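Enquirer: Data file my_file-v6.tsv (TSV, C-alpha atoms) is appended below.
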chain	number	residue	atom	x	y	z
I	12	MET	CA	-46.75	125.68	162.89
I	13	LYS	CA	-45.21	128.71	164.57
I	14	ILE	CA	-43.46	129.72	161.35
I	15	ARG	CA	-46.70	129.35	159.36
I	16	LYS	CA	-48.48	131.59	161.82
I	17	MET	CA	-45.68	134.14	161.67
I	18	ILE	CA	-45.72	134.17	157.88
I	19	ARG	CA	-49.53	134.49	157.79
I	20	ASN	CA	-49.50	137.39	160.26
I	21	PHE	CA	-46.70	139.07	158.43
I	22	GLY	CA	-48.50	138.64	155.07
I	23	ILE	CA	-51.64	140.30	156.49
I	24	GLU	CA	-49.55	143.10	157.93
I	25	VAL	CA	-47.81	143.73	154.61
I	26	LEU	CA	-51.17	143.81	152.80
I	27	ILE	CA	-52.56	146.40	155.23
I	28	TYR	CA	-49.34	148.36	154.99
I	29	THR	CA	-49.48	148.30	151.18
I	30	ALA	CA	-53.07	149.61	151.18
I	31	LEU	CA	-52.12	152.41	153.58
I	32	VAL	CA	-49.08	153.32	151.55
I	33	VAL	CA	-51.06	153.45	148.29
I	34	ALA	CA	-53.69	155.69	149.94
I	35	TYR	CA	-50.98	157.96	151.30
I	36	PHE	CA	-49.26	157.93	147.91
I	37	PHE	CA	-52.31	159.52	146.21
I	38	LEU	CA	-52.76	161.93	149.12
I	39	VAL	CA	-49.20	163.16	148.62
I	40	LEU	CA	-49.64	163.60	144.89
I	41	GLU	CA	-52.98	165.37	145.24
I	42	PHE	CA	-52.44	167.77	148.10
I	43	LEU	CA	-48.76	168.29	148.82
I	44	GLY	CA	-47.26	168.95	145.37
I	45	GLU	CA	-48.05	172.64	144.96
I	46	PRO	CA	-47.58	173.81	148.56
I	47	LEU	CA	-44.21	172.06	148.73
I	48	GLN	CA	-43.06	173.63	145.49
I	49	ARG	CA	-44.06	177.10	146.74
I	50	LEU	CA	-42.24	176.49	150.01
I	51	PHE	CA	-39.14	175.32	148.12
I	52	GLU	CA	-39.13	178.53	146.08
I	53	ASN	CA	-39.88	180.91	148.96
I	54	SER	CA	-38.17	179.60	152.12
I	55	LEU	CA	-35.54	176.88	152.03
I	56	VAL	CA	-35.15	176.92	155.82
I	57	LEU	CA	-38.83	176.15	156.39
I	58	TYR	CA	-38.75	173.69	153.49
I	59	ALA	CA	-35.83	171.82	155.09
I	60	PHE	CA	-37.62	171.30	158.39
I	61	VAL	CA	-40.99	170.54	156.78
I	62	SER	CA	-39.22	167.91	154.64
I	63	LEU	CA	-37.70	166.23	157.67
I	64	ALA	CA	-41.03	166.37	159.53
I	65	LEU	CA	-42.93	164.87	156.58
I	66	ILE	CA	-40.56	161.98	155.97
I	67	THR	CA	-40.34	161.22	159.70
I	68	ALA	CA	-44.10	161.43	160.15
I	69	GLN	CA	-44.70	159.16	157.16
I	70	GLY	CA	-42.51	156.44	158.65
I	71	LEU	CA	-43.90	156.78	162.17
I	72	VAL	CA	-47.58	157.10	161.28
I	73	LEU	CA	-47.65	154.22	158.81
I	74	GLU	CA	-45.83	151.93	161.23
I	75	PHE	CA	-48.09	152.99	164.13
I	76	VAL	CA	-51.32	152.60	162.15
I	77	THR	CA	-50.29	149.14	160.94
I	78	SER	CA	-49.56	148.02	164.49
I	79	PHE	CA	-52.89	149.44	165.66
I	80	LEU	CA	-54.82	147.65	162.93
I	81	ILE	CA	-53.07	144.39	163.64
I	82	GLY	CA	-54.03	144.77	167.29
I	83	GLN	CA	-57.67	145.55	166.37
I	84	LEU	CA	-57.81	142.51	164.11
I	85	GLY	CA	-56.68	140.42	167.06
I	86	LEU	CA	-53.65	139.09	165.25
I	87	ASP	CA	-50.55	138.37	167.28
I	88	ARG	CA	-47.56	139.93	165.68
I	89	TRP	CA	-44.80	137.39	166.08
I	90	ASP	CA	-46.00	134.54	168.22
P	12	MET	CA	-45.54	161.88	136.98
P	13	TYR	CA	-44.03	165.37	136.90
P	14	PHE	CA	-41.97	166.41	139.93
P	15	PRO	CA	-42.00	170.23	139.91
P	16	ILE	CA	-39.11	170.75	142.34
P	17	THR	CA	-36.55	168.83	140.27
P	18	GLY	CA	-38.38	169.47	137.01
P	19	VAL	CA	-38.24	165.86	135.84
P	20	THR	CA	-40.89	163.32	134.89
P	21	ILE	CA	-40.47	159.83	136.35
P	22	SER	CA	-42.82	156.93	136.88
P	23	PRO	CA	-43.83	156.90	140.57
P	24	LEU	CA	-44.04	153.12	140.39
P	25	PHE	CA	-40.39	152.99	139.33
P	26	LEU	CA	-39.44	155.19	142.30
P	27	ALA	CA	-41.52	153.10	144.70
P	28	GLY	CA	-39.90	149.96	143.23
P	29	VAL	CA	-36.38	151.34	143.78
P	30	GLY	CA	-37.46	152.32	147.30
P	31	PHE	CA	-38.75	148.80	147.92
P	32	ALA	CA	-35.43	147.20	146.85
P	33	VAL	CA	-33.40	149.63	148.93
P	34	GLY	CA	-35.75	149.21	151.89
P	35	LEU	CA	-35.41	145.44	151.72
P	36	LEU	CA	-31.61	145.66	151.75
P	37	GLY	CA	-31.60	148.32	154.43
P	38	GLY	CA	-33.94	146.42	156.72
P	39	PHE	CA	-31.94	143.21	156.37
P	40	PHE	CA	-28.37	144.53	156.41
P	41	GLY	CA	-28.72	147.80	158.32
P	42	VAL	CA	-27.31	149.89	155.48
P	43	GLY	CA	-28.75	153.08	154.03
P	44	GLY	CA	-28.71	151.74	150.47
P	45	GLY	CA	-27.46	154.91	148.80
P	46	PHE	CA	-25.12	152.82	146.63
P	47	LEU	CA	-28.17	151.44	144.80
P	48	ALA	CA	-30.78	154.22	145.00
P	49	GLY	CA	-28.37	156.99	143.94
P	50	PRO	CA	-27.35	155.45	140.60
P	51	MET	CA	-30.93	154.37	139.83
P	52	MET	CA	-32.21	157.91	140.40
P	53	PHE	CA	-29.40	159.36	138.31
P	54	LEU	CA	-30.08	156.93	135.45
P	55	SER	CA	-33.77	157.88	135.50
P	56	GLY	CA	-32.89	161.52	134.90
P	57	VAL	CA	-32.75	163.12	138.36
P	58	PRO	CA	-30.11	165.90	138.42
P	59	MET	CA	-27.00	164.84	140.35
P	60	ASN	CA	-27.34	167.58	142.98
P	61	PHE	CA	-30.81	166.28	143.88
P	62	VAL	CA	-29.78	162.61	143.89
P	63	VAL	CA	-27.79	162.69	147.15
P	64	GLY	CA	-30.15	164.95	149.14
P	65	THR	CA	-33.34	163.19	148.03
P	66	ASP	CA	-31.78	159.80	148.69
P	67	LEU	CA	-30.84	160.89	152.23
P	68	ALA	CA	-34.41	162.09	152.84
P	69	HIS	CA	-36.01	158.81	151.80
P	70	MET	CA	-33.28	156.92	153.74
P	71	THR	CA	-34.38	158.74	156.92
P	72	GLY	CA	-38.00	157.61	156.62
P	73	LYS	CA	-37.13	154.09	155.57
P	74	SER	CA	-34.66	153.66	158.42
P	75	ILE	CA	-37.28	154.82	160.95
P	76	VAL	CA	-39.60	152.01	159.85
P	77	ALA	CA	-36.79	149.41	159.84
P	78	ALA	CA	-35.29	150.58	163.15
P	79	ARG	CA	-38.71	150.45	164.84
P	80	ARG	CA	-39.21	146.92	163.55
P	81	HIS	CA	-35.75	145.89	164.79
P	82	ARG	CA	-36.56	147.47	168.15
P	83	VAL	CA	-39.65	145.28	168.45
P	84	LEU	CA	-37.40	142.29	167.71
P	85	GLY	CA	-34.93	143.43	170.43
P	86	HIS	CA	-32.18	144.26	167.95
P	87	VAL	CA	-31.46	147.89	168.87
P	88	ASP	CA	-28.96	148.96	171.53
P	89	ASN	CA	-30.16	152.50	172.28
P	90	LYS	CA	-27.24	153.43	174.53
P	91	LEU	CA	-24.71	152.32	171.93
P	92	GLY	CA	-26.68	154.03	169.16
P	93	ILE	CA	-26.73	157.41	170.94
P	94	LEU	CA	-23.01	157.18	171.79
P	95	MET	CA	-22.24	156.29	168.17
P	96	VAL	CA	-24.15	159.36	166.95
P	97	LEU	CA	-22.03	161.57	169.23
P	98	GLY	CA	-18.89	160.32	167.48
P	99	THR	CA	-20.29	160.04	163.96
P	100	VAL	CA	-21.60	163.58	163.45
P	101	PRO	CA	-18.26	165.36	164.18
P	102	GLY	CA	-16.53	162.70	162.07
P	103	ILE	CA	-18.79	163.39	159.08
P	104	GLU	CA	-18.31	167.15	159.47
P	105	LEU	CA	-14.52	166.83	159.62
P	106	GLY	CA	-14.52	164.43	156.67
P	107	ALA	CA	-16.69	166.81	154.60
P	108	ARG	CA	-14.34	169.71	155.39
P	109	ILE	CA	-11.26	167.66	154.49
P	110	ILE	CA	-12.82	166.78	151.15
P	111	GLU	CA	-13.80	170.43	150.52
P	112	GLY	CA	-10.22	171.51	151.20
P	113	LEU	CA	-8.80	168.80	148.95
P	114	GLU	CA	-11.27	169.61	146.17
P	115	ALA	CA	-10.22	173.25	146.29
P	116	ALA	CA	-6.65	172.07	145.69
P	117	GLY	CA	-7.56	169.95	142.64
P	118	ASN	CA	-9.79	167.25	141.22
P	119	ILE	CA	-9.60	164.37	143.66
P	120	ASP	CA	-12.61	162.36	142.50
P	121	HIS	CA	-10.41	159.56	141.18
P	122	VAL	CA	-8.26	159.37	144.32
P	123	VAL	CA	-11.33	159.23	146.58
P	124	GLY	CA	-13.04	156.76	144.23
P	125	ILE	CA	-10.05	154.40	144.21
P	126	ALA	CA	-9.68	154.63	148.00
P	127	TYR	CA	-13.37	153.79	148.32
P	128	ILE	CA	-13.03	150.78	146.01
P	129	VAL	CA	-10.04	149.47	148.01
P	130	ILE	CA	-11.93	149.87	151.32
P	131	LEU	CA	-15.08	148.21	149.96
P	132	LEU	CA	-13.18	145.29	148.46
P	133	GLY	CA	-11.26	144.87	151.74
P	134	ILE	CA	-14.47	144.84	153.81
P	135	GLY	CA	-16.25	142.49	151.38
P	136	THR	CA	-13.36	140.02	151.22
P	137	PHE	CA	-12.75	140.00	154.98
P	138	THR	CA	-16.45	139.63	155.86
P	139	ALA	CA	-16.90	136.79	153.33
P	140	TRP	CA	-13.80	134.98	154.65
P	141	GLU	CA	-14.80	135.39	158.30
P	142	SER	CA	-18.45	134.41	157.83
P	143	LEU	CA	-17.57	131.29	155.80
P	144	ARG	CA	-15.13	130.31	158.55
P	145	ALA	CA	-17.79	130.92	161.21
P	146	ILE	CA	-20.30	128.77	159.30
P	147	ARG	CA	-17.69	125.97	159.10
P	148	MET	CA	-16.98	126.33	162.84
P	149	VAL	CA	-20.68	126.03	163.61
P	150	ARG	CA	-20.83	122.80	161.60
P	151	THR	CA	-17.70	121.17	163.03
P	152	GLU	CA	-17.64	122.44	166.61
P	153	GLN	CA	-21.36	122.46	167.34
P	154	MET	CA	-21.26	126.14	168.29
P	155	ASP	CA	-24.37	128.25	168.75
P	156	ALA	CA	-25.00	129.52	165.23
P	157	LYS	CA	-26.75	132.75	166.20
P	158	ASP	CA	-23.70	134.77	167.22
P	159	ALA	CA	-20.79	132.60	166.02
P	160	LEU	CA	-17.78	134.75	165.13
P	161	ALA	CA	-14.59	133.29	163.67
P	162	PHE	CA	-12.41	136.31	164.28
P	163	ARG	CA	-12.43	137.63	167.82
P	164	GLY	CA	-8.75	138.64	168.01
P	165	ILE	CA	-9.25	142.31	167.15
P	166	THR	CA	-12.29	142.61	169.45
P	167	ARG	CA	-10.28	141.23	172.41
P	168	ARG	CA	-7.41	143.61	171.73
P	169	VAL	CA	-9.77	146.58	171.42
P	170	HIS	CA	-11.49	145.66	174.70
P	171	ARG	CA	-8.11	145.64	176.51
P	172	PHE	CA	-8.06	149.44	176.15
P	173	ARG	CA	-9.73	150.41	179.42
P	174	LEU	CA	-9.48	154.20	179.69
P	175	PRO	CA	-12.33	155.47	181.96
P	176	PRO	CA	-15.20	156.01	181.84
P	177	LEU	CA	-16.18	152.40	181.28
P	178	ILE	CA	-19.77	151.53	180.40
P	179	ALA	CA	-21.83	148.37	180.16
P	180	LEU	CA	-23.82	147.61	177.02
P	181	PRO	CA	-26.10	144.80	178.23
P	182	GLU	CA	-28.28	144.84	175.11
P	183	SER	CA	-25.15	144.00	173.09
P	184	GLY	CA	-23.90	141.50	175.70
P	185	ILE	CA	-20.86	143.68	176.51
P	186	GLU	CA	-20.04	143.82	180.23
P	187	GLU	CA	-17.58	146.71	180.09
P	188	ILE	CA	-16.06	148.86	177.40
P	189	SER	CA	-14.32	152.23	177.38
P	190	VAL	CA	-16.58	155.03	176.10
P	191	TRP	CA	-13.57	156.25	174.12
P	192	ILE	CA	-13.55	153.09	172.02
P	193	VAL	CA	-17.18	153.58	171.00
P	194	LEU	CA	-16.62	157.28	170.31
P	195	GLY	CA	-13.37	156.56	168.45
P	196	VAL	CA	-14.89	153.86	166.24
P	197	SER	CA	-17.93	156.02	165.44
P	198	PHE	CA	-15.73	159.05	164.76
P	199	LEU	CA	-13.62	156.95	162.36
P	200	THR	CA	-16.67	155.65	160.51
P	201	GLY	CA	-18.10	159.19	160.36
P	202	LEU	CA	-14.80	160.50	159.02
P	203	LEU	CA	-14.72	157.84	156.30
P	204	SER	CA	-18.37	158.58	155.42
P	205	GLY	CA	-17.61	162.29	155.17
P	206	VAL	CA	-14.50	161.81	153.05
P	207	LEU	CA	-16.04	159.18	150.79
P	208	GLY	CA	-19.43	160.90	150.57
P	209	VAL	CA	-21.45	157.84	151.57
P	210	GLY	CA	-23.88	156.94	154.34
P	211	GLY	CA	-21.39	154.65	156.05
P	212	GLY	CA	-23.47	151.52	156.74
P	213	PHE	CA	-20.98	149.45	154.73
P	214	ILE	CA	-18.22	150.49	157.10
P	215	ARG	CA	-20.11	150.86	160.38
P	216	MET	CA	-21.85	147.47	160.43
P	217	PRO	CA	-18.59	145.42	160.22
P	218	MET	CA	-16.86	147.75	162.67
P	219	LEU	CA	-19.64	147.29	165.24
P	220	ILE	CA	-19.25	143.52	164.92
P	221	TYR	CA	-15.49	143.09	164.63
P	222	LEU	CA	-14.15	146.01	166.72
P	223	ILE	CA	-16.77	146.59	169.41
P	224	GLY	CA	-18.02	142.99	169.52
P	225	VAL	CA	-21.73	143.64	168.96
P	226	PRO	CA	-23.82	140.59	167.88
P	227	THR	CA	-24.75	140.75	164.17
P	228	HIS	CA	-28.52	141.22	164.68
P	229	VAL	CA	-27.97	144.05	167.18
P	230	ALA	CA	-25.36	145.62	164.87
P	231	VAL	CA	-27.94	145.73	162.05
P	232	GLY	CA	-30.64	147.32	164.24
P	233	THR	CA	-28.29	149.76	165.98
P	234	ASP	CA	-26.76	150.81	162.67
P	235	LEU	CA	-30.25	151.64	161.39
P	236	PHE	CA	-30.89	153.71	164.51
P	237	GLU	CA	-27.76	155.67	163.65
P	238	VAL	CA	-28.73	155.99	159.98
P	239	VAL	CA	-31.98	157.70	161.11
P	240	ILE	CA	-29.98	160.39	162.93
P	241	SER	CA	-27.18	160.87	160.40
P	242	ALA	CA	-29.47	160.74	157.34
P	243	GLY	CA	-31.93	163.13	159.06
P	244	TYR	CA	-29.08	165.54	159.70
P	245	GLY	CA	-27.95	165.17	156.07
P	246	THR	CA	-31.52	165.77	154.83
P	247	VAL	CA	-31.71	169.14	156.59
P	248	THR	CA	-28.25	170.31	155.43
P	249	HIS	CA	-28.95	169.28	151.82
P	250	ALA	CA	-32.48	170.75	151.88
P	251	LEU	CA	-31.05	174.08	153.05
P	252	LYS	CA	-28.92	174.06	149.89
P	253	GLY	CA	-32.02	173.30	147.77
P	254	ASN	CA	-30.91	169.74	146.95
P	255	VAL	CA	-33.91	167.74	148.23
P	256	ASP	CA	-37.07	166.90	146.31
P	257	ILE	CA	-39.17	165.78	149.25
P	258	LEU	CA	-42.11	164.82	147.03
P	259	MET	CA	-39.89	162.31	145.26
P	260	ALA	CA	-38.50	161.07	148.59
P	261	LEU	CA	-42.03	160.54	149.95
P	262	VAL	CA	-42.99	158.51	146.88
P	263	MET	CA	-39.81	156.41	147.15
P	264	GLN	CA	-40.46	155.87	150.82
P	265	THR	CA	-43.86	154.32	150.11
P	266	GLY	CA	-42.06	151.32	148.61
P	267	ALA	CA	-39.13	151.50	151.00
P	268	ALA	CA	-41.40	151.30	154.05
P	269	ILE	CA	-42.77	147.93	152.95
P	270	GLY	CA	-39.33	146.65	151.91
P	271	ALA	CA	-37.81	147.74	155.22
P	272	GLN	CA	-40.48	145.86	157.19
P	273	ILE	CA	-39.87	142.68	155.22
P	274	GLY	CA	-36.07	143.01	155.39
P	275	ALA	CA	-36.03	143.66	159.14
P	276	THR	CA	-38.34	140.74	159.84
P	277	ALA	CA	-36.31	138.42	157.61
P	278	THR	CA	-33.25	138.83	159.87
P	279	ASN	CA	-35.10	136.69	162.41
P	280	PHE	CA	-34.80	133.70	160.08
P	281	PHE	CA	-31.02	133.97	159.60
P	282	ALA	CA	-28.13	133.36	161.98
P	283	GLY	CA	-25.39	136.00	162.33
P	284	PRO	CA	-22.77	134.33	160.07
P	285	ARG	CA	-25.28	133.93	157.23
P	286	ILE	CA	-26.33	137.58	157.47
P	287	ARG	CA	-22.64	138.56	157.33
P	288	LEU	CA	-22.01	136.26	154.36
P	289	LEU	CA	-24.88	137.84	152.41
P	290	PHE	CA	-23.77	141.29	153.57
P	291	SER	CA	-20.29	140.64	152.10
P	292	ILE	CA	-21.80	140.80	148.59
P	293	LEU	CA	-22.90	144.42	149.09
P	294	PRO	CA	-19.44	146.03	149.23
P	295	PHE	CA	-18.58	144.33	145.91
P	296	VAL	CA	-21.76	145.76	144.34
P	297	GLY	CA	-20.88	149.15	145.83
P	298	ALA	CA	-17.35	148.94	144.40
P	299	ALA	CA	-18.77	148.07	140.95
P	300	MET	CA	-21.05	151.13	141.15
P	301	VAL	CA	-18.07	153.37	141.96
P	302	ILE	CA	-16.09	151.90	139.05
P	303	LEU	CA	-19.02	152.59	136.70
P	304	ARG	CA	-19.16	156.16	138.03
P	305	LEU	CA	-15.41	156.66	137.59
P	306	VAL	CA	-15.56	155.52	133.97
P	307	GLY	CA	-18.45	157.93	133.39
P	308	ILE	CA	-21.37	155.52	132.98
P	309	LEU	CA	-23.16	156.66	136.15
P	310	GLY	CA	-22.17	160.34	136.08
P	311	GLY	CA	-19.78	162.21	138.36
P	312	HIS	CA	-20.17	163.91	141.73
Any chance you could put this one into structure tokens?

Expert:
Amino acid sequence: MKIRKMIRNFGIEVLIYTALVVAYFFLVLEFLGEPLQRLFENSLVLYAFVSLALITAQGLVLEFVTSFLIGQLGLDRWD
Amino acid sequence: MYFPITGVTISPLFLAGVGFAVGLLGGFFGVGGGFLAGPMMFLSGVPMNFVVGTDLAHMTGKSIVAARRHRVLGHVDNKLGILMVLGTVPGIELGARIIEGLEAAGNIDHVVGIAYIVILLGIGTFTAWESLRAIRMVRTEQMDAKDALAFRGITRRVHRFRLPPLIALPESGIEEISVWIVLGVSFLTGLLSGVLGVGGGFIRMPMLIYLIGVPTHVAVGTDLFEVVISAGYGTVTHALKGNVDILMALVMQTGAAIGAQIGATATNFFAGPRIRLLFSILPFVGAAMVILRLVGILGGH
């Protein structure tokens, strides 16, 4: 029973995560393409740190938002 | 989709799919996954100079997601992770300088490639042998399967070296160990990563288990913690040289983030010896990739 509950919760979490990731995916394509290219051509130093910030933020924000949504939905995460 | 920084057109779904596969492996085994993502990116037309830097960038984001998940599961030893970073970074730098010096003296791609293959095959064979033995021991001696290890000889010998300062690593179940052992092991793995031009998860994960004596689940989580730092550092240095397409890395990371979550969670359903047995396949795949690169199918450095 415990395993079934874990799998169900995890399935819901992955679904939410997938939706968030797809939304972010289109956001990246729509808004970040041109500014990033300009930054790459004009200042590699700034580009390097913006790159690190973006990839770090993507990981942190998506993970945080998923956890928050799971909490709001009242779903226990692993038990 | 057209990626203006690299100037190539690639399906974003393909990139997200590669990211998913690499994320799954990374979350489960604690490796960066460059051995798989790099060749796939190269085969899809990404210029070689962008392959390594972009792969490191997406590895950073993916490892953050996986490491956070492992932390929730209690699989990350923060103290060990930070100490390992202190040894790894100088090791990578020294390794990179050694390779630069050797490259200036002549083409050493084949020598490095063959050394890498030998190391990978050695790690794969040893890990497979040990984990199969541990699984047998669990069956016959009714041992606790979670952390069963069939080869503790090296760990005991390493722990006999007691040069101060000594530290406790309670999250890894280690009562006392010399700081110099942790720094030495991490420096060695960093050096090998720098010389071989790889992330180092292949080498670091078994060393954490067999030399330092860290339980398999904690080794996976702690290794990911270290990948975040070392890959982040690599992202900045490569981006400064203009070798990172961050747009591509962000797209790859969309798939990798999901894969990493699934992979990290899946470790909860496997005992240590079984994770190590599955892990032992990876070095063989890595060795095959290097062979394909050496014969020219997957491009050169």

Enquirer: Contacts from chain P to chain I, 10 Å maximum, only C-alpha atoms: show me the residue list as a ChimeraX atom specification.

Expert: /P:12-17,23,27,68-77,79-80,83-84,239,242-270,272-273,276,280

Enquirer: Give the answer as one residue: which of P:Gly56, P:Gly34, P:Pro50, P:Gly41 has the shortest atom-to-atom distance to Phe213 of chain P, using all atoms listed in the file?

Expert: P:Gly41

Enquirer: What is the distance between atom CA of Val206 of chain P and atom CA of Phe39 of chain P, in Å to one decimal?

Expert: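 Going from atom CA of Val206 of chain P over to atom CA of Phe39 of chain P, I get 25.7 Å.
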
Enquirer: Quick one: distance from atom CA of Val231 of chain P to atom CA of Phe40 of chain P in Å, one decimal?

Expert: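 Rounded to one decimal, the two atoms are 5.8 Å apart.
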
Enquirer: Between atom CA of Ile27 of chain I and atom CA of Ala275 of chain P, what is the distance, to one decimal in Å?

Expert: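 Atom-to-atom, atom CA of Ile27 of chain I and atom CA of Ala275 of chain P are spaced 17.2 Å apart.
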
Enquirer: Give one line per residue of segment 101-174 of chain P that approaches segment 199-204 of chain P to at most 9 Å, naming the two atoms of the closest pair and their distance in Å to one decimal, counting all atoms listed in the file; sort by chain then ascending residue number and deliver it as CSV.

Expert:
residue,atom,partner,partner_atom,distance
P:Pro101,CA,P:Gly201,CA,7.3
P:Gly102,CA,P:Leu202,CA,4.1
P:Ile103,CA,P:Gly201,CA,4.4
P:Glu104,CA,P:Leu202,CA,7.5
P:Leu105,CA,P:Leu202,CA,6.4
P:Gly106,CA,P:Leu202,CA,4.6
P:Ala107,CA,P:Leu202,CA,7.9

Enquirer: Calculated over all atoms listed in the file, which of the candidates P:Gly205, P:Gly297, P:Gly232, P:Gly224 has the smallest distance to Glu111 of chain P?

Expert: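 Of P:Gly205, P:Gly297, P:Gly232, P:Gly224, the one nearest Glu111 of chain P is P:Gly205, counting all atoms listed in the file.
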